[in-house]
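K.L.:
Structure file data-v6.pdb (PDB, C-alpha atoms) right here:
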```pdb
ATOM      1  CA  MET P   1     103.924 108.706 111.002
ATOM      2  CA  VAL P   2     106.819 106.225 110.753
ATOM      3  CA  GLN P   3     108.927 108.755 108.845
ATOM      4  CA  LEU P   4     108.084 111.468 111.379
ATOM      5  CA  ALA P   5     108.998 109.103 114.235
ATOM      6  CA  ALA P   6     112.378 108.443 112.594
ATOM      7  CA  LEU P   7     113.034 112.192 112.362
ATOM      8  CA  PHE P   8     112.055 112.582 116.018
ATOM      9  CA  ALA P   9     114.450 109.786 117.000
ATOM     10  CA  LEU P  10     117.288 111.476 115.070
ATOM     11  CA  THR P  11     116.481 114.825 116.676
ATOM     12  CA  ALA P  12     116.451 113.265 120.157
ATOM     13  CA  LEU P  13     119.778 111.573 119.441
ATOM     14  CA  LEU P  14     121.453 114.813 118.383
ATOM     15  CA  TYR P  15     120.014 116.967 121.160
ATOM     16  CA  ALA P  16     120.605 114.402 123.918
ATOM     17  CA  SER P  17     124.237 114.188 122.792
ATOM     18  CA  VAL P  18     124.709 117.824 123.841
ATOM     19  CA  GLY P  19     122.416 117.745 126.877
ATOM     20  CA  PHE P  20     119.216 119.226 125.434
ATOM     21  CA  GLY P  21     115.689 117.900 124.882
ATOM     22  CA  GLY P  22     114.907 118.913 121.285
ATOM     23  CA  GLY P  23     111.515 120.546 121.872
ATOM     24  CA  SER P  24     112.099 123.373 119.420
ATOM     25  CA  THR P  25     112.867 121.016 116.538
ATOM     26  CA  TYR P  26     110.029 118.604 117.454
ATOM     27  CA  ASN P  27     107.682 121.568 117.142
ATOM     28  CA  ALA P  28     109.130 122.573 113.802
ATOM     29  CA  LEU P  29     108.847 119.049 112.409
ATOM     30  CA  LEU P  30     105.223 118.876 113.524
ATOM     31  CA  VAL P  31     104.441 122.232 111.900
ATOM     32  CA  LEU P  32     106.022 121.087 108.642
ATOM     33  CA  ASN P  33     104.027 117.848 108.941
ATOM     34  CA  GLY P  34     100.781 119.823 109.025
ATOM     35  CA  THR P  35      99.877 119.096 112.653
ATOM     36  CA  ASP P  36      97.307 121.386 114.267
ATOM     37  CA  TYR P  37      99.460 124.077 115.901
ATOM     38  CA  ARG P  38      97.246 124.051 119.000
ATOM     39  CA  ILE P  39      98.230 120.508 120.004
ATOM     40  CA  LEU P  40     101.837 120.308 118.859
ATOM     41  CA  PRO P  41     103.411 122.145 121.855
ATOM     42  CA  ALA P  42     101.994 119.471 124.174
ATOM     43  CA  ILE P  43     103.443 116.701 121.994
ATOM     44  CA  ALA P  44     106.853 118.383 121.882
ATOM     45  CA  LEU P  45     106.905 118.950 125.645
ATOM     46  CA  ILE P  46     106.047 115.301 126.364
ATOM     47  CA  CYS P  47     108.959 114.302 124.106
ATOM     48  CA  ASN P  48     111.193 116.780 125.932
ATOM     49  CA  ILE P  49     110.332 115.269 129.302
ATOM     50  CA  ILE P  50     111.046 111.740 128.041
ATOM     51  CA  VAL P  51     114.468 112.740 126.703
ATOM     52  CA  VAL P  52     115.769 114.835 129.622
ATOM     53  CA  ALA P  53     114.277 113.024 132.634
ATOM     54  CA  GLY P  54     116.941 110.321 132.702
ATOM     55  CA  GLY P  55     119.748 112.775 132.017
ATOM     56  CA  SER P  56     118.609 115.075 134.809
ATOM     57  CA  TRP P  57     118.627 112.163 137.257
ATOM     58  CA  ARG P  58     122.113 111.084 136.172
ATOM     59  CA  PHE P  59     123.486 114.617 136.570
ATOM     60  CA  TRP P  60     121.844 114.839 139.997
ATOM     61  CA  GLN P  61     123.265 111.496 141.143
ATOM     62  CA  ALA P  62     126.724 112.493 139.918
ATOM     63  CA  GLY P  63     126.631 115.693 141.977
ATOM     64  CA  HIS P  64     126.588 118.104 139.032
ATOM     65  CA  VAL P  65     123.305 119.776 140.033
ATOM     66  CA  SER P  66     123.198 122.169 142.983
ATOM     67  CA  LEU P  67     119.671 123.083 144.018
ATOM     68  CA  ALA P  68     120.899 126.246 145.736
ATOM     69  CA  ARG P  69     122.579 127.459 142.532
ATOM     70  CA  ILE P  70     119.841 126.431 140.114
ATOM     71  CA  LEU P  71     116.932 127.768 142.169
ATOM     72  CA  PRO P  72     117.321 131.445 141.103
ATOM     73  CA  TRP P  73     117.082 130.409 137.458
ATOM     74  CA  ILE P  74     113.915 128.315 137.895
ATOM     75  CA  MET P  75     112.188 130.425 140.578
ATOM     76  CA  LEU P  76     110.239 132.433 137.993
ATOM     77  CA  SER P  77     110.748 130.203 134.957
ATOM     78  CA  VAL P  78     108.351 127.508 136.205
ATOM     79  CA  PRO P  79     105.299 129.750 136.789
ATOM     80  CA  ALA P  80     106.197 131.719 133.651
ATOM     81  CA  ALA P  81     106.309 128.496 131.599
ATOM     82  CA  TRP P  82     102.882 127.521 132.924
ATOM     83  CA  LEU P  83     101.535 130.971 132.065
ATOM     84  CA  GLY P  84     103.047 130.811 128.586
ATOM     85  CA  GLY P  85     101.485 127.392 128.070
ATOM     86  CA  ARG P  86      98.067 128.753 129.033
ATOM     87  CA  LEU P  87      98.343 131.699 126.640
ATOM     88  CA  ALA P  88      96.233 131.375 123.496
ATOM     89  CA  ILE P  89      98.101 132.780 120.490
ATOM     90  CA  SER P  90      97.461 132.885 116.748
ATOM     91  CA  GLU P  91      99.083 130.422 114.361
ATOM     92  CA  THR P  92     100.999 133.260 112.700
ATOM     93  CA  LEU P  93     102.495 134.415 116.007
ATOM     94  CA  PHE P  94     103.266 130.839 117.027
ATOM     95  CA  ILE P  95     105.153 129.992 113.833
ATOM     96  CA  GLY P  96     106.987 133.327 113.855
ATOM     97  CA  ALA P  97     108.046 132.941 117.494
ATOM     98  CA  LEU P  98     109.098 129.327 116.961
ATOM     99  CA  GLY P  99     111.049 130.128 113.800
ATOM    100  CA  GLY P 100     112.801 133.056 115.467
ATOM    101  CA  SER P 101     113.644 130.930 118.515
ATOM    102  CA  LEU P 102     115.131 128.236 116.311
ATOM    103  CA  LEU P 103     117.181 130.770 114.354
ATOM    104  CA  ILE P 104     118.713 132.194 117.540
ATOM    105  CA  ALA P 105     119.366 128.740 118.984
ATOM    106  CA  GLY P 106     120.944 127.482 115.756
ATOM    107  CA  LEU P 107     123.259 130.477 115.481
ATOM    108  CA  GLN P 108     124.292 130.069 119.122
ATOM    109  CA  LEU P 109     125.284 126.453 118.549
ATOM    110  CA  ALA P 110     126.947 127.143 115.185
ATOM    111  CA  PHE P 111     129.200 129.906 116.503
ATOM    112  CA  GLU P 112     129.812 128.719 120.052
ATOM    113  CA  ARG P 113     133.514 128.937 120.789
ATOM    114  CA  LYS P 114     135.382 125.641 121.015
ATOM    115  CA  ASP P 115     137.168 126.739 124.164
ATOM    116  CA  ALA P 116     133.961 127.600 126.032
ATOM    117  CA  VAL P 117     134.494 124.633 128.354
ATOM    118  CA  GLU P 118     137.880 126.008 129.330
ATOM    119  CA  GLU P 119     136.410 129.155 130.880
ATOM    120  CA  PRO P 120     136.810 129.867 134.612
ATOM    121  CA  ARG P 121     133.917 128.494 136.618
ATOM    122  CA  SER P 122     131.569 129.235 139.521
ATOM    123  CA  ARG P 123     131.168 132.950 138.913
ATOM    124  CA  HIS P 124     128.487 134.618 141.037
ATOM    125  CA  VAL P 125     125.454 136.051 139.205
ATOM    126  CA  ALA P 126     123.091 138.594 140.772
ATOM    127  CA  ARG P 127     119.752 137.010 141.670
ATOM    128  CA  PRO P 128     117.559 139.669 139.976
ATOM    129  CA  PHE P 129     119.358 138.907 136.700
ATOM    130  CA  SER P 130     118.788 135.160 137.191
ATOM    131  CA  TYR P 131     115.104 135.724 137.933
ATOM    132  CA  ALA P 132     114.610 137.921 134.872
ATOM    133  CA  VAL P 133     116.464 135.681 132.420
ATOM    134  CA  GLY P 134     114.920 132.481 133.793
ATOM    135  CA  GLY P 135     111.439 133.972 133.774
ATOM    136  CA  GLY P 136     111.763 135.265 130.221
ATOM    137  CA  ILE P 137     113.055 131.970 128.866
ATOM    138  CA  GLY P 138     110.397 130.081 130.830
ATOM    139  CA  PHE P 139     107.556 132.147 129.363
ATOM    140  CA  LEU P 140     108.806 131.634 125.804
ATOM    141  CA  SER P 141     109.304 127.940 126.535
ATOM    142  CA  GLY P 142     105.752 127.385 127.693
ATOM    143  CA  MET P 143     104.262 129.437 124.878
ATOM    144  CA  VAL P 144     105.914 127.599 121.978
ATOM    145  CA  GLY P 145     106.505 124.209 123.601
ATOM    146  CA  ILE P 146     110.240 124.060 124.272
ATOM    147  CA  GLY P 147     112.276 123.508 127.431
ATOM    148  CA  GLY P 148     114.518 126.556 127.146
ATOM    149  CA  GLY P 149     117.818 124.884 128.000
ATOM    150  CA  ILE P 150     119.194 125.645 124.559
ATOM    151  CA  PHE P 151     118.905 129.355 125.469
ATOM    152  CA  LEU P 152     119.998 129.080 129.097
ATOM    153  CA  ALA P 153     123.201 127.117 128.483
ATOM    154  CA  PRO P 154     124.873 129.781 126.263
ATOM    155  CA  VAL P 155     123.958 132.445 128.844
ATOM    156  CA  LEU P 156     125.610 130.412 131.604
ATOM    157  CA  TYR P 157     128.725 129.863 129.513
ATOM    158  CA  LEU P 158     128.897 133.570 128.681
ATOM    159  CA  LEU P 159     128.649 134.425 132.381
ATOM    160  CA  ARG P 160     131.307 131.789 133.230
ATOM    161  CA  TRP P 161     128.742 130.474 135.709
ATOM    162  CA  GLY P 162     130.181 126.983 136.046
ATOM    163  CA  GLY P 163     131.947 124.064 134.431
ATOM    164  CA  PRO P 164     130.556 122.145 131.453
ATOM    165  CA  ARG P 165     129.002 119.312 133.479
ATOM    166  CA  GLU P 166     127.426 121.726 135.961
ATOM    167  CA  ILE P 167     125.964 123.821 133.137
ATOM    168  CA  ALA P 168     124.742 120.729 131.264
ATOM    169  CA  GLY P 169     123.101 119.414 134.429
ATOM    170  CA  THR P 170     121.503 122.764 135.177
ATOM    171  CA  ALA P 171     120.202 123.094 131.602
ATOM    172  CA  SER P 172     118.806 119.561 131.752
ATOM    173  CA  VAL P 173     116.908 120.217 134.992
ATOM    174  CA  PHE P 174     115.768 123.609 133.632
ATOM    175  CA  ILE P 175     114.338 121.867 130.561
ATOM    176  CA  LEU P 176     112.610 119.238 132.683
ATOM    177  CA  VAL P 177     110.849 121.578 135.119
ATOM    178  CA  ASN P 178     109.870 124.075 132.418
ATOM    179  CA  SER P 179     108.570 121.299 130.173
ATOM    180  CA  LEU P 180     106.438 119.942 133.023
ATOM    181  CA  ALA P 181     105.060 123.404 133.828
ATOM    182  CA  GLY P 182     104.524 124.303 130.179
ATOM    183  CA  LEU P 183     102.821 120.969 129.528
ATOM    184  CA  ALA P 184     100.440 121.575 132.437
ATOM    185  CA  GLY P 185      99.471 124.919 130.922
ATOM    186  CA  GLN P 186      99.124 123.474 127.421
ATOM    187  CA  LEU P 187      96.927 120.604 128.633
ATOM    188  CA  MET P 188      94.651 123.008 130.502
ATOM    189  CA  LYS P 189      94.318 125.035 127.305
ATOM    190  CA  LEU P 190      93.580 121.907 125.251
ATOM    191  CA  GLU P 191      90.954 120.814 127.774
ATOM    192  CA  ALA P 192      89.224 124.164 127.413
ATOM    193  CA  ASP P 193      89.384 124.035 123.593
ATOM    194  CA  TYR P 194      88.569 120.378 122.931
ATOM    195  CA  GLY P 195      87.465 118.712 126.172
ATOM    196  CA  VAL P 196      89.433 116.010 127.983
ATOM    197  CA  ALA P 197      88.375 113.067 125.807
ATOM    198  CA  SER P 198      88.943 114.811 122.470
ATOM    199  CA  ALA P 199      92.329 116.222 123.528
ATOM    200  CA  ALA P 200      93.442 112.767 124.685
ATOM    201  CA  ASP P 201      92.378 111.272 121.347
ATOM    202  CA  LEU P 202      94.353 113.892 119.423
ATOM    203  CA  LEU P 203      97.515 113.246 121.442
ATOM    204  CA  ARG P 204      97.053 109.471 121.234
ATOM    205  CA  GLY P 205      97.350 109.673 117.470
ATOM    206  CA  TYR P 206     101.024 110.636 117.892
ATOM    207  CA  TRP P 207     101.952 107.908 120.390
ATOM    208  CA  LEU P 208     104.657 106.463 118.115
ATOM    209  CA  LEU P 209     106.759 109.602 118.595
ATOM    210  CA  PHE P 210     107.204 108.955 122.313
ATOM    211  CA  PRO P 211     109.065 105.612 122.144
ATOM    212  CA  ALA P 212     111.025 107.029 119.181
ATOM    213  CA  VAL P 213     112.489 109.880 121.248
ATOM    214  CA  LEU P 214     113.081 107.528 124.173
ATOM    215  CA  VAL P 215     115.286 105.312 122.013
ATOM    216  CA  GLY P 216     116.984 108.225 120.248
ATOM    217  CA  GLY P 217     117.612 110.058 123.502
ATOM    218  CA  GLN P 218     119.165 107.013 125.183
ATOM    219  CA  ILE P 219     121.486 106.410 122.226
ATOM    220  CA  GLY P 220     122.401 110.084 121.997
ATOM    221  CA  SER P 221     123.227 110.487 125.680
ATOM    222  CA  ARG P 222     125.610 107.546 125.509
ATOM    223  CA  LEU P 223     127.271 108.481 122.225
ATOM    224  CA  GLY P 224     127.676 112.086 123.311
ATOM    225  CA  SER P 225     129.496 111.102 126.462
ATOM    226  CA  THR P 226     131.785 108.476 124.970
ATOM    227  CA  ARG P 227     132.253 108.426 121.206
ATOM    228  CA  ILE P 228     131.329 111.616 119.349
ATOM    229  CA  PRO P 229     133.268 114.890 119.792
ATOM    230  CA  PRO P 230     130.824 117.404 121.384
ATOM    231  CA  VAL P 231     131.833 120.165 118.955
ATOM    232  CA  LEU P 232     130.949 117.998 115.958
ATOM    233  CA  VAL P 233     127.560 117.096 117.438
ATOM    234  CA  LYS P 234     126.812 120.754 118.143
ATOM    235  CA  ARG P 235     127.640 121.748 114.568
ATOM    236  CA  LEU P 236     125.444 118.970 113.149
ATOM    237  CA  THR P 237     122.619 119.965 115.472
ATOM    238  CA  ALA P 238     123.040 123.605 114.421
ATOM    239  CA  VAL P 239     122.675 122.636 110.741
ATOM    240  CA  LEU P 240     119.431 120.791 111.517
ATOM    241  CA  ILE P 241     118.061 123.672 113.593
ATOM    242  CA  LEU P 242     118.926 126.344 111.013
ATOM    243  CA  TYR P 243     117.379 124.305 108.198
ATOM    244  CA  VAL P 244     114.020 123.919 109.939
ATOM    245  CA  ALA P 245     114.186 127.551 111.137
ATOM    246  CA  ALA P 246     114.539 128.713 107.527
ATOM    247  CA  ARG P 247     111.585 126.531 106.482
ATOM    248  CA  LEU P 248     109.412 127.935 109.289
ATOM    249  CA  LEU P 249     110.370 131.559 108.708
ATOM    250  CA  TRP P 250     109.679 131.167 104.984
ATOM    251  CA  ARG P 251     106.211 129.880 105.819
ATOM    252  CA  TRP P 252     105.706 132.669 108.360
ATOM    253  CA  ALA P 253     106.700 135.288 105.763
ATOM    254  CA  GLY P 254     104.072 133.891 103.405
ATOM    255  CA  MET P 255     101.438 134.101 106.158
ATOM    256  CA  ILE P 256     102.063 137.787 106.879
ATOM    257  CA  GLY P 257     102.740 138.776 103.280
TER     258      GLY P 257
END
```
Show this structure as structure tokens.

P.N.:
Amino acid sequence: MVQLAALFALTALLYASVGFGGGSTYNALLVLNGTDYRILPAIALICNIIVVAGGSWRFWQAGHVSLARILPWIMLSVPAAWLGGRLAISETLFIGALGGSLLIAGLQLAFERKDAVEEPRSRHVARPFSYAVGGGIGFLSGMVGIGGGIFLAPVLYLLRWGGPREIAGTASVFILVNSLAGLAGQLMKLEADYGVASAADLLRGYWLLFPAVLVGGQIGSRLGSTRIPPVLVKRLTAVLILYVAARLLWRWAGMIG
């Protein structure tokens, strides 16, 4: 557990440096650790909430989060994340969906243009598009235990939706609300499968991971804003994501083969 906690702390550090929570990689590490796939989304979502809660508040206080602009993206994502969290899926589908999500996210970070932050900002996006994209990401987020910001941020940059701080703040809040909704759905599912007491006991066995991501996330958010070039952090994070994605997809291929 100590080694797993150290990996979680490193993951939180890297993801927090670029404004994300790390839920996708927490999930992957838990899968590779042999954790029961039915409880690991809840663990990853709790870690997500710990990492992004402080960042979301700081972005809000600094004026980088506009409720009017973010609302179309979270209007359907929150109920969709709850629904995805409630959905019972097979282990094969879970690992395949998680591995595919990680592969897409890793490629996005690896090949993101260096001049993305230089793009024009505050472009208007049609609300139906925002609802559809937010809802789709939210459903996937709740189902596999991620926050979804790692998918939303590249979409916002591609649309030239806003400046880097506005997009980072929006992604952080998106992760937070989807993680809360997805966690609610996952806990309801665990209660039905195990009962309240048994589910609590299972989650309690991983308590060391929670302070680990708190420490890693705090360090990462400070280093990312002051000392480490964002492009370098994104490339390092991409390497980590693609490595665990390859491990998961290899396992998934063996399960369906």

K.L.:
For P:Ala171, which residue among P:Ser66, P:Asn27, P:Asn33, P:Gln3 is the nearest when counting all atoms listed in the file?

P.N.:
P:Ser66

K.L.:
Given the choices P:Asn48, P:Ala62, P:Leu29, P:Leu242, which gets closest to P:Pro211 if the distance is worked out from only C-alpha atoms?

P.N.:
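Nearest to P:Pro211: P:Asn48.
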
K.L.:
Could you tell me which residues the PyMOL selection byres ((chain P and resi 237) around 9) returns for this structure, as a list of chain:residue names?

P.N.:
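Taken over the shown coordinates, the PyMOL selection byres ((chain P and resi 237) around 9) returns P:Thr11, P:Leu14, P:Tyr15, P:Val18, P:Gly106, P:Leu109, P:Ala110, P:Leu232, P:Val233, P:Lys234, P:Arg235, P:Leu236, P:Ala238, P:Val239, P:Leu240, P:Ile241, P:Leu242.
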
K.L.:
Could you give me, as a short mmCIF file (atom, residue, chain, number, x, y, z; two decimals) with C-alpha atoms, keeping the file's coordinate frame, the residues that have an atom at most 9 Å away from the point (112.1, 127.2, 116.2) in the coordinates of the file, using all atoms listed in the file?

P.N.:
```cif
data_model
loop_
_atom_site.label_atom_id
_atom_site.label_comp_id
_atom_site.auth_asym_id
_atom_site.auth_seq_id
_atom_site.Cartn_x
_atom_site.Cartn_y
_atom_site.Cartn_z
CA GLY P 23 111.52 120.55 121.87
CA SER P 24 112.10 123.37 119.42
CA THR P 25 112.87 121.02 116.54
CA TYR P 26 110.03 118.60 117.45
CA ASN P 27 107.68 121.57 117.14
CA ALA P 28 109.13 122.57 113.80
CA ILE P 95 105.15 129.99 113.83
CA GLY P 96 106.99 133.33 113.86
CA ALA P 97 108.05 132.94 117.49
CA LEU P 98 109.10 129.33 116.96
CA GLY P 99 111.05 130.13 113.80
CA GLY P 100 112.80 133.06 115.47
CA SER P 101 113.64 130.93 118.52
CA LEU P 102 115.13 128.24 116.31
CA LEU P 103 117.18 130.77 114.35
CA ILE P 104 118.71 132.19 117.54
CA ALA P 105 119.37 128.74 118.98
CA GLY P 106 120.94 127.48 115.76
CA VAL P 144 105.91 127.60 121.98
CA ILE P 146 110.24 124.06 124.27
CA ILE P 241 118.06 123.67 113.59
CA LEU P 242 118.93 126.34 111.01
CA VAL P 244 114.02 123.92 109.94
CA ALA P 245 114.19 127.55 111.14
CA LEU P 248 109.41 127.94 109.29
CA LEU P 249 110.37 131.56 108.71
#
```

K.L.:
When you count all atoms listed in the file, which of these residues is closest to P:Ser77: P:Gln108, P:Gln61, P:Ser130, P:Ser56?

P.N.:
P:Ser130

K.L.:
Check what the PyMOL selection byres ((chain P and resi 5) around 10) selects in the file above and give those residues as a ChimeraX atom specification.

P.N.:
/P:1-4,6-11,206-213
